[in-house]
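The structure file structure_19.cif is reproduced below (mmCIF, C-alpha atoms).
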```
data_run
loop_
_atom_site.group_PDB
_atom_site.id
_atom_site.type_symbol
_atom_site.label_atom_id
_atom_site.label_comp_id
_atom_site.auth_asym_id
_atom_site.auth_seq_id
_atom_site.Cartn_x
_atom_site.Cartn_y
_atom_site.Cartn_z
ATOM 1 C CA MET M 886 72.760 124.539 113.853
ATOM 2 C CA PHE M 887 73.268 123.302 110.296
ATOM 3 C CA GLU M 888 70.337 123.143 107.929
ATOM 4 C CA GLN M 889 70.111 121.821 104.419
ATOM 5 C CA LEU M 890 68.863 124.315 101.831
ATOM 6 C CA LYS M 891 65.446 123.556 100.423
ATOM 7 C CA THR M 892 65.415 122.262 96.853
ATOM 8 C CA ALA M 893 62.680 122.259 94.232
ATOM 9 C CA THR M 894 62.787 118.460 94.076
ATOM 10 C CA PRO M 895 63.284 116.160 97.051
ATOM 11 C CA LEU M 896 66.779 114.767 97.394
ATOM 12 C CA GLU M 897 67.378 111.055 97.124
ATOM 13 C CA THR M 898 68.498 109.422 100.356
ATOM 14 C CA VAL M 899 70.663 106.472 101.354
ATOM 15 C CA ASN M 900 70.671 104.256 104.429
ATOM 16 C CA VAL M 901 73.767 104.452 106.626
ATOM 17 C CA THR M 902 74.571 102.927 110.002
ATOM 18 C CA LEU M 903 76.105 105.354 112.511
ATOM 19 C CA ASP M 904 77.361 103.830 115.769
ATOM 20 C CA GLY M 905 75.040 100.868 115.265
ATOM 21 C CA VAL M 906 71.936 102.976 114.561
ATOM 22 C CA ALA M 907 70.316 103.108 111.108
ATOM 23 C CA ILE M 908 69.965 106.653 109.765
ATOM 24 C CA THR M 909 68.964 108.172 106.429
ATOM 25 C CA LEU M 910 71.268 110.720 104.804
ATOM 26 C CA PRO M 911 71.029 112.777 101.599
ATOM 27 C CA LYS M 912 72.647 111.069 98.620
ATOM 28 C CA GLY M 913 75.425 112.963 96.821
ATOM 29 C CA MET M 914 76.851 114.783 99.858
ATOM 30 C CA THR M 915 80.139 114.195 101.579
ATOM 31 C CA LEU M 916 79.783 112.143 104.732
ATOM 32 C CA ALA M 917 80.881 115.074 106.933
ATOM 33 C CA ALA M 918 78.292 117.438 105.423
ATOM 34 C CA ALA M 919 75.524 114.843 105.635
ATOM 35 C CA LEU M 920 76.327 114.053 109.280
ATOM 36 C CA LEU M 921 76.346 117.765 110.155
ATOM 37 C CA VAL M 922 72.933 118.225 108.507
ATOM 38 C CA HIS M 923 71.702 115.162 110.432
ATOM 39 C CA GLY M 924 72.964 116.685 113.707
ATOM 40 C CA ALA M 925 75.474 113.904 114.334
ATOM 41 C CA TYR M 926 78.366 115.830 115.848
ATOM 42 C CA PRO M 927 80.905 115.709 117.408
ATOM 43 C CA LEU M 928 82.382 112.945 115.261
ATOM 44 C CA ARG M 929 85.307 112.007 117.472
ATOM 45 C CA THR M 930 87.203 112.789 120.650
ATOM 46 C CA SER M 931 90.802 113.884 120.675
ATOM 47 C CA PRO M 932 93.471 111.676 122.262
ATOM 48 C CA VAL M 933 94.617 114.888 123.999
ATOM 49 C CA GLN M 934 92.968 115.369 127.385
ATOM 50 C CA GLY M 935 91.752 118.769 128.530
ATOM 51 C CA PRO M 936 90.911 119.724 132.099
ATOM 52 C CA ASP M 937 87.380 118.358 131.577
ATOM 53 C CA GLY M 938 88.402 115.135 129.786
ATOM 54 C CA PRO M 939 88.711 114.295 126.076
ATOM 55 C CA LYS M 940 88.107 117.154 123.684
ATOM 56 C CA GLN M 941 85.238 116.702 121.248
ATOM 57 C CA ARG M 942 85.963 117.291 117.563
ATOM 58 C CA ALA M 943 83.779 117.991 114.525
ATOM 59 C CA PRO M 944 84.414 118.791 110.840
ATOM 60 C CA TYR M 945 86.163 122.133 110.422
ATOM 61 C CA CYS M 946 87.769 122.818 107.040
ATOM 62 C CA MET M 947 85.569 120.479 104.942
ATOM 63 C CA MET M 948 88.394 120.002 102.400
ATOM 64 C CA GLY M 949 90.767 117.425 103.889
ATOM 65 C CA VAL M 950 93.316 119.706 105.532
ATOM 66 C CA CYS M 951 92.527 119.709 109.266
ATOM 67 C CA PHE M 952 91.720 116.010 110.028
ATOM 68 C CA GLU M 953 89.065 116.985 112.605
ATOM 69 C CA CYS M 954 86.434 114.870 110.833
ATOM 70 C CA LEU M 955 88.102 111.465 111.251
ATOM 71 C CA VAL M 956 85.720 108.514 111.588
ATOM 72 C CA GLU M 957 85.789 104.777 111.040
ATOM 73 C CA ILE M 958 84.177 103.842 107.713
ATOM 74 C CA ASP M 959 83.376 100.200 106.990
ATOM 75 C CA GLY M 960 85.867 99.047 109.624
ATOM 76 C CA LYS M 961 88.737 101.317 108.523
ATOM 77 C CA PRO M 962 89.738 103.908 111.166
ATOM 78 C CA ASN M 963 91.040 107.429 110.548
ATOM 79 C CA GLN M 964 89.012 108.121 107.393
ATOM 80 C CA GLN M 965 88.373 111.764 106.524
ATOM 81 C CA SER M 966 84.594 112.066 106.370
ATOM 82 C CA CYS M 967 84.846 115.332 104.414
ATOM 83 C CA LEU M 968 86.436 113.446 101.511
ATOM 84 C CA ALA M 969 84.124 110.401 101.567
ATOM 85 C CA GLN M 970 80.938 110.364 99.488
ATOM 86 C CA VAL M 971 77.826 109.079 101.273
ATOM 87 C CA ARG M 972 76.722 105.718 99.874
ATOM 88 C CA ASP M 973 74.024 103.224 100.679
ATOM 89 C CA GLY M 974 75.006 100.601 103.258
ATOM 90 C CA MET M 975 77.930 102.561 104.678
ATOM 91 C CA VAL M 976 78.844 101.644 108.267
ATOM 92 C CA VAL M 977 80.264 104.609 110.184
ATOM 93 C CA ASN M 978 81.522 104.743 113.766
ATOM 94 C CA ARG M 979 82.712 107.745 115.718
ATOM 95 C CA GLN M 980 86.283 107.499 117.005
ATOM 96 C CA ASP M 981 87.203 107.755 120.661
ATOM 97 C CA GLY M 982 90.748 108.999 121.170
ATOM 98 C CA ALA M 983 93.550 107.501 119.090
ATOM 99 C CA PRO M 984 92.525 104.196 117.452
ATOM 100 C CA ASP M 985 95.007 101.452 116.735
ATOM 101 C CA ILE M 986 96.381 102.137 113.245
ATOM 102 C CA LYS M 987 98.104 98.784 112.694
ATOM 103 C CA GLY M 988 97.282 96.821 109.603
ATOM 104 C CA ASP M 989 96.043 97.768 106.155
ATOM 105 C CA ARG M 990 95.487 101.519 105.756
ATOM 106 C CA THR M 991 94.209 101.514 102.187
#
```
Have the structure of the file written as structure tokens, please.
Amino acid sequence: MFEQLKTATPLETVNVTLDGVAITLPKGMTLAAALLVHGAYPLRTSPVQGPDGPKQRAPYCMMGVCFECLVEIDGKPNQQSCLAQVRDGMVVNRQDGAPDIKGDRT
């Protein structure tokens, strides 16, 4: 569905772990954009149940307004992937429902 535009020079890549699986993403993109290009969506499920179970969510506004792109980054839940820059060694996990938000939220 989403495809990265072709560039004259190949883009640099970084290694990221998504749900325990090593993947390669383009360097310099936001995490949400890179995951969409990689085909890794939905990113989370809503804590609100629909008639068919949890609702799947994916990035929507891509500018930090809608909070549909929340993921866990390096052990910190509820991080907006549209505002996070992809970096080498990043550990990302999709969120299922409403994670526990106790503790340090920095």
*asked:* So that I can check the surroundings of Pro944 of chain M, please list as a list in words every protein, DNA and RNA residue that reaches within 10 Å of it, counting only C-alpha atoms and ignoring chain neighbours fewer than 2 positions away.
replied: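 Within the cut-off, the hits are Ala917, Ala918, Leu920, Leu921, Tyr926, Pro927, Leu928, Arg929, Arg942, Cys946, Met947, Met948, Gly949, Cys951, Phe952, Glu953, Cys954, Leu955, Gln965, Ser966 and Cys967 of chain M.
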*asked:* Report, in Å to a single decimal, how far apart atom CA of Gln964 of chain M and atom CA of Gln980 of chain M are.
replied: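 Here the two named atoms are 10.0 Å from each other.
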_Distance query Leu910 of chain M at most 8 Å, all atoms listed in the file, self and fewer than 4 positions along chain excluded, as a list in words_ =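 Neighbouring residues, sequence-local ones excluded: Thr898, Val899, Asn900, Val901, Ala919, Leu920, His923 and Val971 of chain M.
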Residue by residue, what does the PyMOL selection byres ((chain M and resi 982) around 8) grab here? Present the result as a PDB file with C-alpha atoms, keeping the file's coordinate frame.
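Everything below was put into expr.pdb:
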```
ATOM      1  CA  ARG M 929      85.307 112.007 117.472  1.00  0.00           C
ATOM      2  CA  THR M 930      87.203 112.789 120.650  1.00  0.00           C
ATOM      3  CA  SER M 931      90.802 113.884 120.675  1.00  0.00           C
ATOM      4  CA  PRO M 932      93.471 111.676 122.262  1.00  0.00           C
ATOM      5  CA  VAL M 933      94.617 114.888 123.999  1.00  0.00           C
ATOM      6  CA  PRO M 939      88.711 114.295 126.076  1.00  0.00           C
ATOM      7  CA  GLN M 980      86.283 107.499 117.005  1.00  0.00           C
ATOM      8  CA  ASP M 981      87.203 107.755 120.661  1.00  0.00           C
ATOM      9  CA  ALA M 983      93.550 107.501 119.090  1.00  0.00           C
ATOM     10  CA  PRO M 984      92.525 104.196 117.452  1.00  0.00           C
TER      11      PRO M 984
END
```
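Atom CA of Tyr945 of chain M is positioned 22.4 Å from atom CA of Thr902 of chain M.
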